[in-house]
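S.K.: File data_3.tsv below, TSV, N, CA and C atoms:
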```
chain	number	residue	atom	x	y	z
A	29	MET	N	2.29	8.79	37.15
A	29	MET	CA	1.03	8.94	36.43
A	29	MET	C	1.26	9.84	35.22
A	30	PRO	N	0.82	9.44	34.01
A	30	PRO	CA	1.07	10.25	32.83
A	30	PRO	C	0.26	11.53	32.83
A	31	ASP	N	0.84	12.56	32.28
A	31	ASP	CA	0.16	13.83	32.12
A	31	ASP	C	-0.75	13.71	30.90
A	32	HIS	N	-2.05	13.84	31.11
A	32	HIS	CA	-3.00	13.65	30.00
A	32	HIS	C	-2.99	14.81	29.02
A	33	ASN	N	-2.27	15.87	29.34
A	33	ASN	CA	-2.18	16.99	28.42
A	33	ASN	C	-0.94	16.94	27.54
A	34	GLU	N	-0.11	15.87	27.71
A	34	GLU	CA	1.10	15.79	26.89
A	34	GLU	C	0.75	15.57	25.43
A	35	ASP	N	1.67	15.89	24.58
A	35	ASP	CA	1.49	15.73	23.14
A	35	ASP	C	1.32	14.25	22.81
A	36	LEU	N	0.17	13.86	22.27
A	36	LEU	CA	-0.10	12.46	21.96
A	36	LEU	C	0.86	11.90	20.92
A	37	ASP	N	1.36	12.75	20.02
A	37	ASP	CA	2.27	12.27	18.98
A	37	ASP	C	3.62	11.85	19.53
A	38	SER	N	3.95	12.28	20.73
A	38	SER	CA	5.26	11.94	21.29
A	38	SER	C	5.24	10.60	22.02
A	39	ARG	N	4.07	10.04	22.25
A	39	ARG	CA	3.98	8.77	22.96
A	39	ARG	C	4.07	7.62	21.96
A	40	PRO	N	4.65	6.48	22.40
A	40	PRO	CA	4.71	5.32	21.51
A	40	PRO	C	3.30	4.85	21.17
A	41	VAL	N	3.13	4.37	19.95
A	41	VAL	CA	1.84	3.88	19.49
A	41	VAL	C	1.96	2.40	19.21
A	42	PHE	N	0.99	1.63	19.68
A	42	PHE	CA	0.97	0.20	19.40
A	42	PHE	C	0.70	0.00	17.92
A	43	GLU	N	1.55	-0.73	17.26
A	43	GLU	CA	1.43	-1.00	15.82
A	43	GLU	C	0.83	-2.38	15.63
A	44	ARG	N	-0.36	-2.45	15.02
A	44	ARG	CA	-1.04	-3.72	14.81
A	44	ARG	C	-0.41	-4.54	13.70
A	45	ARG	N	0.27	-3.89	12.80
A	45	ARG	CA	0.81	-4.58	11.64
A	45	ARG	C	2.09	-5.33	11.98
A	46	ARG	N	2.33	-6.42	11.25
A	46	ARG	CA	3.55	-7.21	11.44
A	46	ARG	C	4.74	-6.56	10.77
A	47	PHE	N	4.50	-5.71	9.77
A	47	PHE	CA	5.57	-5.13	8.98
A	47	PHE	C	5.64	-3.63	9.18
A	48	VAL	N	6.84	-3.09	9.16
A	48	VAL	CA	7.03	-1.64	9.24
A	48	VAL	C	6.48	-1.02	7.97
A	49	ARG	N	5.71	0.02	8.11
A	49	ARG	CA	5.20	0.72	6.93
A	49	ARG	C	5.78	2.12	6.89
A	50	VAL	N	5.96	2.60	5.70
A	50	VAL	CA	6.49	3.94	5.52
A	50	VAL	C	5.58	4.73	4.59
A	51	GLY	N	5.43	5.99	4.87
A	51	GLY	CA	4.59	6.86	4.06
A	51	GLY	C	5.39	7.49	2.94
A	52	ARG	N	5.56	6.77	1.87
A	52	ARG	CA	6.29	7.26	0.70
A	52	ARG	C	5.45	7.00	-0.54
A	53	THR	N	5.65	7.84	-1.55
A	53	THR	CA	4.90	7.66	-2.79
A	53	THR	C	5.82	7.17	-3.90
A	54	PHE	N	5.30	6.23	-4.66
A	54	PHE	CA	5.91	5.85	-5.92
A	54	PHE	C	4.84	5.24	-6.79
A	55	VAL	N	5.13	5.12	-8.04
A	55	VAL	CA	4.14	4.73	-9.04
A	55	VAL	C	3.84	3.24	-8.96
A	56	VAL	N	2.56	2.93	-9.06
A	56	VAL	CA	2.10	1.54	-9.10
A	56	VAL	C	0.95	1.47	-10.10
A	57	SER	N	0.90	0.40	-10.88
A	57	SER	CA	-0.25	0.19	-11.77
A	57	SER	C	-1.09	-0.93	-11.18
A	58	TYR	N	-2.39	-0.90	-11.47
A	58	TYR	CA	-3.29	-1.90	-10.92
A	58	TYR	C	-4.42	-2.21	-11.89
A	59	ARG	N	-4.96	-3.40	-11.72
A	59	ARG	CA	-6.15	-3.81	-12.48
A	59	ARG	C	-6.89	-4.85	-11.66
A	60	GLU	N	-8.16	-4.99	-11.96
A	60	GLU	CA	-8.94	-6.04	-11.31
A	60	GLU	C	-8.51	-7.39	-11.89
A	61	ALA	N	-8.31	-8.36	-11.04
A	61	ALA	CA	-7.87	-9.69	-11.49
A	61	ALA	C	-8.91	-10.34	-12.40
A	62	SER	N	-10.18	-10.04	-12.17
A	62	SER	CA	-11.25	-10.66	-12.95
A	62	SER	C	-11.55	-9.93	-14.26
A	63	ALA	N	-10.87	-8.81	-14.52
A	63	ALA	CA	-11.14	-8.03	-15.74
A	63	ALA	C	-10.77	-8.83	-16.98
A	64	LYS	N	-11.61	-8.73	-18.00
A	64	LYS	CA	-11.36	-9.46	-19.24
A	64	LYS	C	-10.20	-8.85	-20.03
A	65	ASP	N	-10.08	-7.53	-19.96
A	65	ASP	CA	-8.94	-6.90	-20.65
A	65	ASP	C	-7.80	-6.68	-19.65
A	66	LEU	N	-6.64	-6.41	-20.15
A	66	LEU	CA	-5.47	-6.26	-19.29
A	66	LEU	C	-5.12	-4.79	-19.06
A	67	LYS	N	-6.07	-3.88	-19.35
A	67	LYS	CA	-5.85	-2.45	-19.16
A	67	LYS	C	-5.61	-2.16	-17.68
A	68	THR	N	-4.57	-1.38	-17.42
A	68	THR	CA	-4.26	-1.01	-16.04
A	68	THR	C	-4.45	0.48	-15.83
A	69	ASP	N	-4.67	0.85	-14.59
A	69	ASP	CA	-4.68	2.25	-14.18
A	69	ASP	C	-3.40	2.50	-13.42
A	70	ILE	N	-2.93	3.73	-13.47
A	70	ILE	CA	-1.68	4.08	-12.79
A	70	ILE	C	-2.00	5.08	-11.69
A	71	THR	N	-1.34	4.91	-10.55
A	71	THR	CA	-1.56	5.78	-9.41
A	71	THR	C	-0.28	5.85	-8.57
A	72	GLN	N	-0.41	6.40	-7.37
A	72	GLN	CA	0.72	6.47	-6.45
A	72	GLN	C	0.36	5.82	-5.12
A	73	THR	N	1.38	5.24	-4.50
A	73	THR	CA	1.18	4.70	-3.17
A	73	THR	C	1.12	5.85	-2.17
A	74	MET	N	0.44	5.60	-1.05
A	74	MET	CA	0.43	6.54	0.06
A	74	MET	C	1.33	6.02	1.18
A	75	ASN	N	1.35	4.69	1.34
A	75	ASN	CA	2.30	4.05	2.25
A	75	ASN	C	2.48	2.60	1.80
A	76	ILE	N	3.56	1.98	2.29
A	76	ILE	CA	3.88	0.62	1.87
A	76	ILE	C	4.60	-0.11	3.00
A	77	SER	N	4.41	-1.42	3.03
A	77	SER	CA	5.16	-2.30	3.93
A	77	SER	C	5.43	-3.59	3.16
A	78	ALA	N	6.13	-4.51	3.78
A	78	ALA	CA	6.37	-5.80	3.13
A	78	ALA	C	5.11	-6.66	3.10
A	79	GLY	N	4.04	-6.22	3.75
A	79	GLY	CA	2.80	-6.99	3.78
A	79	GLY	C	1.65	-6.40	3.00
A	80	GLY	N	1.79	-5.15	2.55
A	80	GLY	CA	0.70	-4.52	1.82
A	80	GLY	C	0.98	-3.05	1.58
A	81	LEU	N	-0.02	-2.36	1.05
A	81	LEU	CA	0.16	-0.93	0.80
A	81	LEU	C	-1.18	-0.24	0.72
A	82	MET	N	-1.13	1.09	0.75
A	82	MET	CA	-2.31	1.91	0.55
A	82	MET	C	-2.02	2.82	-0.63
A	83	PHE	N	-3.00	2.97	-1.52
A	83	PHE	CA	-2.82	3.81	-2.69
A	83	PHE	C	-4.15	4.44	-3.05
A	84	THR	N	-4.10	5.45	-3.92
A	84	THR	CA	-5.32	6.09	-4.38
A	84	THR	C	-5.82	5.39	-5.63
A	85	THR	N	-7.15	5.29	-5.73
A	85	THR	CA	-7.78	4.69	-6.90
A	85	THR	C	-8.89	5.61	-7.39
A	86	ASP	N	-9.27	5.43	-8.65
A	86	ASP	CA	-10.32	6.28	-9.20
A	86	ASP	C	-11.72	5.73	-8.96
A	87	ARG	N	-11.78	4.61	-8.24
A	87	ARG	CA	-13.08	4.02	-7.89
A	87	ARG	C	-12.94	3.22	-6.60
A	88	GLN	N	-14.09	2.94	-6.02
A	88	GLN	CA	-14.12	2.18	-4.78
A	88	GLN	C	-14.20	0.69	-5.11
A	89	PHE	N	-13.45	-0.12	-4.38
A	89	PHE	CA	-13.46	-1.57	-4.55
A	89	PHE	C	-14.10	-2.21	-3.33
A	90	SER	N	-14.75	-3.34	-3.53
A	90	SER	CA	-15.34	-4.09	-2.43
A	90	SER	C	-14.25	-4.78	-1.64
A	91	SER	N	-14.41	-4.84	-0.33
A	91	SER	CA	-13.46	-5.60	0.50
A	91	SER	C	-13.45	-7.04	0.02
A	92	GLY	N	-12.27	-7.61	-0.07
A	92	GLY	CA	-12.13	-8.99	-0.54
A	92	GLY	C	-11.87	-9.10	-2.03
A	93	SER	N	-12.04	-8.00	-2.78
A	93	SER	CA	-11.75	-8.02	-4.21
A	93	SER	C	-10.28	-8.34	-4.44
A	94	THR	N	-10.00	-8.97	-5.58
A	94	THR	CA	-8.62	-9.30	-5.92
A	94	THR	C	-8.14	-8.37	-7.03
A	95	LEU	N	-6.97	-7.78	-6.82
A	95	LEU	CA	-6.35	-6.91	-7.81
A	95	LEU	C	-4.97	-7.46	-8.14
A	96	ILE	N	-4.46	-7.06	-9.30
A	96	ILE	CA	-3.09	-7.35	-9.69
A	96	ILE	C	-2.35	-6.02	-9.75
A	97	LEU	N	-1.25	-5.92	-9.01
A	97	LEU	CA	-0.44	-4.72	-8.99
A	97	LEU	C	0.88	-4.98	-9.70
A	98	LYS	N	1.44	-3.96	-10.28
A	98	LYS	CA	2.79	-3.99	-10.81
A	98	LYS	C	3.51	-2.79	-10.22
A	99	LEU	N	4.57	-3.06	-9.49
A	99	LEU	CA	5.31	-1.95	-8.92
A	99	LEU	C	6.80	-2.13	-9.11
A	100	ARG	N	7.45	-1.00	-9.23
A	100	ARG	CA	8.91	-1.01	-9.35
A	100	ARG	C	9.48	-0.85	-7.96
A	101	VAL	N	10.34	-1.77	-7.60
A	101	VAL	CA	10.94	-1.72	-6.27
A	101	VAL	C	11.95	-0.58	-6.26
A	102	PRO	N	11.75	0.39	-5.36
A	102	PRO	CA	12.67	1.53	-5.29
A	102	PRO	C	14.11	1.09	-5.09
A	103	GLY	N	15.01	1.75	-5.79
A	103	GLY	CA	16.43	1.45	-5.67
A	103	GLY	C	16.89	0.28	-6.51
A	104	THR	N	15.98	-0.30	-7.31
A	104	THR	CA	16.35	-1.42	-8.18
A	104	THR	C	15.72	-1.19	-9.55
A	105	GLN	N	16.03	-2.07	-10.46
A	105	GLN	CA	15.39	-2.06	-11.78
A	105	GLN	C	14.27	-3.11	-11.86
A	106	ASN	N	13.98	-3.74	-10.72
A	106	ASN	CA	13.01	-4.84	-10.68
A	106	ASN	C	11.57	-4.35	-10.63
A	107	TYR	N	10.73	-4.99	-11.42
A	107	TYR	CA	9.28	-4.80	-11.33
A	107	TYR	C	8.70	-6.07	-10.76
A	108	ILE	N	7.71	-5.93	-9.90
A	108	ILE	CA	7.09	-7.08	-9.27
A	108	ILE	C	5.60	-7.07	-9.56
A	109	ASP	N	5.08	-8.20	-10.02
A	109	ASP	CA	3.64	-8.39	-10.17
A	109	ASP	C	3.15	-9.03	-8.88
A	110	ILE	N	2.15	-8.43	-8.26
A	110	ILE	CA	1.67	-8.91	-6.97
A	110	ILE	C	0.15	-9.05	-7.00
A	111	LYS	N	-0.32	-10.18	-6.57
A	111	LYS	CA	-1.76	-10.40	-6.38
A	111	LYS	C	-2.09	-9.90	-4.98
A	112	VAL	N	-3.14	-9.07	-4.87
A	112	VAL	CA	-3.50	-8.48	-3.58
A	112	VAL	C	-4.99	-8.64	-3.31
A	113	LYS	N	-5.33	-8.58	-2.02
A	113	LYS	CA	-6.72	-8.59	-1.59
A	113	LYS	C	-7.05	-7.23	-1.01
A	114	VAL	N	-8.16	-6.66	-1.43
A	114	VAL	CA	-8.59	-5.36	-0.91
A	114	VAL	C	-9.08	-5.55	0.53
A	115	VAL	N	-8.49	-4.79	1.43
A	115	VAL	CA	-8.88	-4.82	2.83
A	115	VAL	C	-9.95	-3.76	3.07
A	116	ASP	N	-9.76	-2.60	2.43
A	116	ASP	CA	-10.65	-1.47	2.64
A	116	ASP	C	-10.51	-0.51	1.47
A	117	SER	N	-11.59	0.11	1.07
A	117	SER	CA	-11.56	1.11	0.00
A	117	SER	C	-12.65	2.12	0.30
A	118	LYS	N	-12.25	3.37	0.54
A	118	LYS	CA	-13.21	4.40	0.94
A	118	LYS	C	-12.98	5.70	0.19
A	119	LYS	N	-14.09	6.34	-0.16
A	119	LYS	CA	-14.00	7.69	-0.73
A	119	LYS	C	-13.62	8.63	0.38
A	120	ARG	N	-12.76	9.59	0.08
A	120	ARG	CA	-12.32	10.57	1.06
A	120	ARG	C	-12.75	11.95	0.60
A	121	SER	N	-13.42	12.66	1.47
A	121	SER	CA	-13.90	13.99	1.12
A	121	SER	C	-12.75	14.97	0.91
A	122	SER	N	-11.59	14.69	1.47
A	122	SER	CA	-10.45	15.60	1.30
A	122	SER	C	-9.81	15.47	-0.08
A	123	PHE	N	-10.18	14.43	-0.83
A	123	PHE	CA	-9.65	14.23	-2.18
A	123	PHE	C	-10.64	14.77	-3.20
A	124	LYS	N	-10.16	14.89	-4.44
A	124	LYS	CA	-11.04	15.27	-5.53
A	124	LYS	C	-12.17	14.25	-5.61
A	125	SER	N	-13.29	14.65	-6.14
A	125	SER	CA	-14.44	13.75	-6.19
A	125	SER	C	-14.08	12.44	-6.90
A	126	GLY	N	-14.52	11.35	-6.32
A	126	GLY	CA	-14.31	10.03	-6.91
A	126	GLY	C	-13.00	9.36	-6.54
A	127	ILE	N	-12.11	10.06	-5.88
A	127	ILE	CA	-10.83	9.46	-5.50
A	127	ILE	C	-11.00	8.71	-4.18
A	128	CYS	N	-10.45	7.50	-4.13
A	128	CYS	CA	-10.58	6.65	-2.95
A	128	CYS	C	-9.20	6.27	-2.41
A	129	GLU	N	-9.16	6.01	-1.12
A	129	GLU	CA	-7.99	5.39	-0.49
A	129	GLU	C	-8.28	3.90	-0.46
A	130	THR	N	-7.40	3.12	-1.05
A	130	THR	CA	-7.59	1.68	-1.09
A	130	THR	C	-6.41	1.01	-0.39
A	131	ARG	N	-6.75	0.18	0.59
A	131	ARG	CA	-5.74	-0.56	1.34
A	131	ARG	C	-5.78	-2.02	0.91
A	132	VAL	N	-4.60	-2.58	0.63
A	132	VAL	CA	-4.53	-3.96	0.17
A	132	VAL	C	-3.49	-4.75	0.94
A	133	GLN	N	-3.72	-6.05	0.99
A	133	GLN	CA	-2.79	-6.99	1.61
A	133	GLN	C	-2.22	-7.86	0.51
A	134	PHE	N	-0.89	-8.06	0.51
A	134	PHE	CA	-0.27	-8.92	-0.47
A	134	PHE	C	-0.70	-10.36	-0.20
A	135	THR	N	-1.20	-11.05	-1.23
A	135	THR	CA	-1.59	-12.45	-1.08
A	135	THR	C	-0.82	-13.36	-2.02
A	136	GLY	N	-0.46	-12.84	-3.18
A	136	GLY	CA	0.28	-13.62	-4.17
A	136	GLY	C	1.64	-13.01	-4.40
A	137	ILE	N	2.55	-13.22	-3.46
A	137	ILE	CA	3.89	-12.65	-3.57
A	137	ILE	C	4.88	-13.67	-3.02
A	138	SER	N	5.97	-13.81	-3.71
A	138	SER	CA	6.99	-14.76	-3.25
A	138	SER	C	7.73	-14.17	-2.04
A	139	GLU	N	8.32	-15.04	-1.26
A	139	GLU	CA	9.13	-14.57	-0.12
A	139	GLU	C	10.29	-13.71	-0.61
A	140	LYS	N	10.85	-14.09	-1.76
A	140	LYS	CA	11.95	-13.32	-2.34
A	140	LYS	C	11.51	-11.89	-2.64
A	141	ASP	N	10.34	-11.73	-3.26
A	141	ASP	CA	9.84	-10.39	-3.58
A	141	ASP	C	9.45	-9.62	-2.32
A	142	LYS	N	8.87	-10.31	-1.34
A	142	LYS	CA	8.52	-9.66	-0.08
A	142	LYS	C	9.79	-9.16	0.62
A	143	ASP	N	10.84	-9.98	0.60
A	143	ASP	CA	12.11	-9.57	1.19
A	143	ASP	C	12.70	-8.38	0.43
A	144	LEU	N	12.57	-8.38	-0.90
A	144	LEU	CA	13.07	-7.29	-1.72
A	144	LEU	C	12.39	-5.98	-1.34
A	145	ILE	N	11.09	-6.02	-1.15
A	145	ILE	CA	10.35	-4.82	-0.73
A	145	ILE	C	10.79	-4.40	0.66
A	146	GLY	N	10.88	-5.36	1.58
A	146	GLY	CA	11.31	-5.05	2.94
A	146	GLY	C	12.68	-4.42	2.99
A	147	LYS	N	13.61	-4.95	2.21
A	147	LYS	CA	14.97	-4.38	2.17
A	147	LYS	C	14.97	-2.99	1.55
A	148	ALA	N	14.17	-2.78	0.52
A	148	ALA	CA	14.07	-1.46	-0.11
A	148	ALA	C	13.52	-0.44	0.89
A	149	ILE	N	12.55	-0.85	1.67
A	149	ILE	CA	11.99	0.05	2.69
A	149	ILE	C	13.06	0.41	3.71
A	150	GLU	N	13.76	-0.59	4.20
A	150	GLU	CA	14.81	-0.35	5.20
A	150	GLU	C	15.92	0.53	4.63
A	151	THR	N	16.32	0.27	3.41
A	151	THR	CA	17.45	0.97	2.79
A	151	THR	C	17.12	2.38	2.34
A	152	HIS	N	15.97	2.54	1.69
A	152	HIS	CA	15.68	3.79	1.00
A	152	HIS	C	14.68	4.71	1.70
A	153	PHE	N	13.88	4.17	2.61
A	153	PHE	CA	12.79	4.98	3.13
A	153	PHE	C	12.79	5.19	4.63
A	154	LYS	N	13.15	4.18	5.38
A	154	LYS	CA	13.04	4.28	6.83
A	154	LYS	C	14.00	5.32	7.36
A	155	ARG	N	13.51	6.18	8.23
A	155	ARG	CA	14.35	7.23	8.81
A	155	ARG	C	14.32	7.13	10.31
```
Please express what this file holds, its structure, as structure tokens.
M.R.:
Amino acid sequence: MPDHNEDLDSRPVFERRRFVRVGRTFVVSYREASAKDLKTDITQTMNISAGGLMFTTDRQFSSGSTLILKLRVPGTQNYIDIKVKVVDSKKRSSFKSGICETRVQFTGISEKDKDLIGKAIETHFKR
């Protein structure tokens, strides 16, 4: 019978995601796919996997919104343009006012680019 007072962080956690995610930051630019101008905002990722990522944004997006991201794959000179769907976007009181955590799922990405991200995660980030 497990000891209910044991450290919860030491127990295995069921991972709902299909892809391994890592909590690393790197620069990513983003814009709304429906925007008439091509102006992008620049931010940092909070975590990333071969299936999506979480990053900070200066505004809240509706779930289902489509964004275009441009990110540099760590460890390479490659930049990837990725079409994503917003899964969740919430203001966080722990951040400066107006800053949101936005979670997205990759929807417009080639298998080659998805593999490139997965390999970069395995090579450069996973510990």
S.K.: Taking only C-alpha atoms into account, which of A:Thr71, A:Gly51, A:Leu97, A:Asn106 comes nearest A:Ile127?
M.R.: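 Among the listed residues, A:Thr71 lies closest to A:Ile127.
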S.K.: Residues near stretch 108-124 of chain A, anyone? I mean within 6 Å using only C-alpha atoms, not counting same-chain ones fewer than 5 positions away, as a ChimeraX atom specification.
M.R.: /A:88-89,91-99,129-137
S.K.: Could you write those residues out with N, CA and C atoms, as a compact mmCIF listing (two decimals), in the frame of the given file?
M.R.:
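The file below, result_13.txt, is the result:
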```txt
# COMPACT_ATOMS: atom_id res chain seq x y z
N GLN A 88 -14.09 2.94 -6.02
CA GLN A 88 -14.12 2.18 -4.78
C GLN A 88 -14.20 0.69 -5.11
N PHE A 89 -13.45 -0.12 -4.38
CA PHE A 89 -13.46 -1.57 -4.55
C PHE A 89 -14.10 -2.21 -3.33
N SER A 91 -14.41 -4.84 -0.33
CA SER A 91 -13.46 -5.60 0.50
C SER A 91 -13.45 -7.04 0.02
N GLY A 92 -12.27 -7.61 -0.07
CA GLY A 92 -12.13 -8.99 -0.54
C GLY A 92 -11.87 -9.10 -2.03
N SER A 93 -12.04 -8.00 -2.78
CA SER A 93 -11.75 -8.02 -4.21
C SER A 93 -10.28 -8.34 -4.44
N THR A 94 -10.00 -8.97 -5.58
CA THR A 94 -8.62 -9.30 -5.92
C THR A 94 -8.14 -8.37 -7.03
N LEU A 95 -6.97 -7.78 -6.82
CA LEU A 95 -6.35 -6.91 -7.81
C LEU A 95 -4.97 -7.46 -8.14
N ILE A 96 -4.46 -7.06 -9.30
CA ILE A 96 -3.09 -7.35 -9.69
C ILE A 96 -2.35 -6.02 -9.75
N LEU A 97 -1.25 -5.92 -9.01
CA LEU A 97 -0.44 -4.72 -8.99
C LEU A 97 0.88 -4.98 -9.70
N LYS A 98 1.44 -3.96 -10.28
CA LYS A 98 2.79 -3.99 -10.81
C LYS A 98 3.51 -2.79 -10.22
N LEU A 99 4.57 -3.06 -9.49
CA LEU A 99 5.31 -1.95 -8.92
C LEU A 99 6.80 -2.13 -9.11
N GLU A 129 -9.16 6.01 -1.12
CA GLU A 129 -7.99 5.39 -0.49
C GLU A 129 -8.28 3.90 -0.46
N THR A 130 -7.40 3.12 -1.05
CA THR A 130 -7.59 1.68 -1.09
C THR A 130 -6.41 1.01 -0.39
N ARG A 131 -6.75 0.18 0.59
CA ARG A 131 -5.74 -0.56 1.34
C ARG A 131 -5.78 -2.02 0.91
N VAL A 132 -4.60 -2.58 0.63
CA VAL A 132 -4.53 -3.96 0.17
C VAL A 132 -3.49 -4.75 0.94
N GLN A 133 -3.72 -6.05 0.99
CA GLN A 133 -2.79 -6.99 1.61
C GLN A 133 -2.22 -7.86 0.51
N PHE A 134 -0.89 -8.06 0.51
CA PHE A 134 -0.27 -8.92 -0.47
C PHE A 134 -0.70 -10.36 -0.20
N THR A 135 -1.20 -11.05 -1.23
CA THR A 135 -1.59 -12.45 -1.08
C THR A 135 -0.82 -13.36 -2.02
N GLY A 136 -0.46 -12.84 -3.18
CA GLY A 136 0.28 -13.62 -4.17
C GLY A 136 1.64 -13.01 -4.40
N ILE A 137 2.55 -13.22 -3.46
CA ILE A 137 3.89 -12.65 -3.57
C ILE A 137 4.88 -13.67 -3.02
```
S.K.: Separation of atom CA of A:Thr85 and atom N of A:Ala63, in Å?
M.R.: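 That distance, rounded to one decimal, is 15.8 Å.
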S.K.: Could you tell me how far atom N of A:Thr53 sits from atom N of A:Asn75, in Å to one decimal place?
M.R.: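 Rounded to one decimal, the two atoms are 6.1 Å apart.
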S.K.: Please report, as AutoDock Vina command-line options, the centre and edge lengths in Å to one decimal of an axis-aligned box covering all listed atoms of stretch 71-84 of chain A with 5 Å per side.
M.R.:
```
--center_x 0.3 --center_y -0.2 --center_z -3.3 --size_x 22.2 --size_y 23.5 --size_z 24.5
```
S.K.: Residues within 10 Å of A:Leu144, please, as a list in words. Count only C-alpha atoms; anything in the same chain fewer than 6 positions from it doesn't count.
M.R.: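 The residues satisfying every condition are Ala78, Val101, Pro102, Thr104, Asn106, Ile108, Ser138 and Glu150 of chain A.
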S.K.: Using only C-alpha atoms, which residue out of A:Ala148, A:Val50, A:Ala61, A:Val56 lies closest to A:Ser77?
M.R.: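 Of A:Ala148, A:Val50, A:Ala61, A:Val56, the one nearest A:Ser77, counting only C-alpha atoms, is A:Val50.
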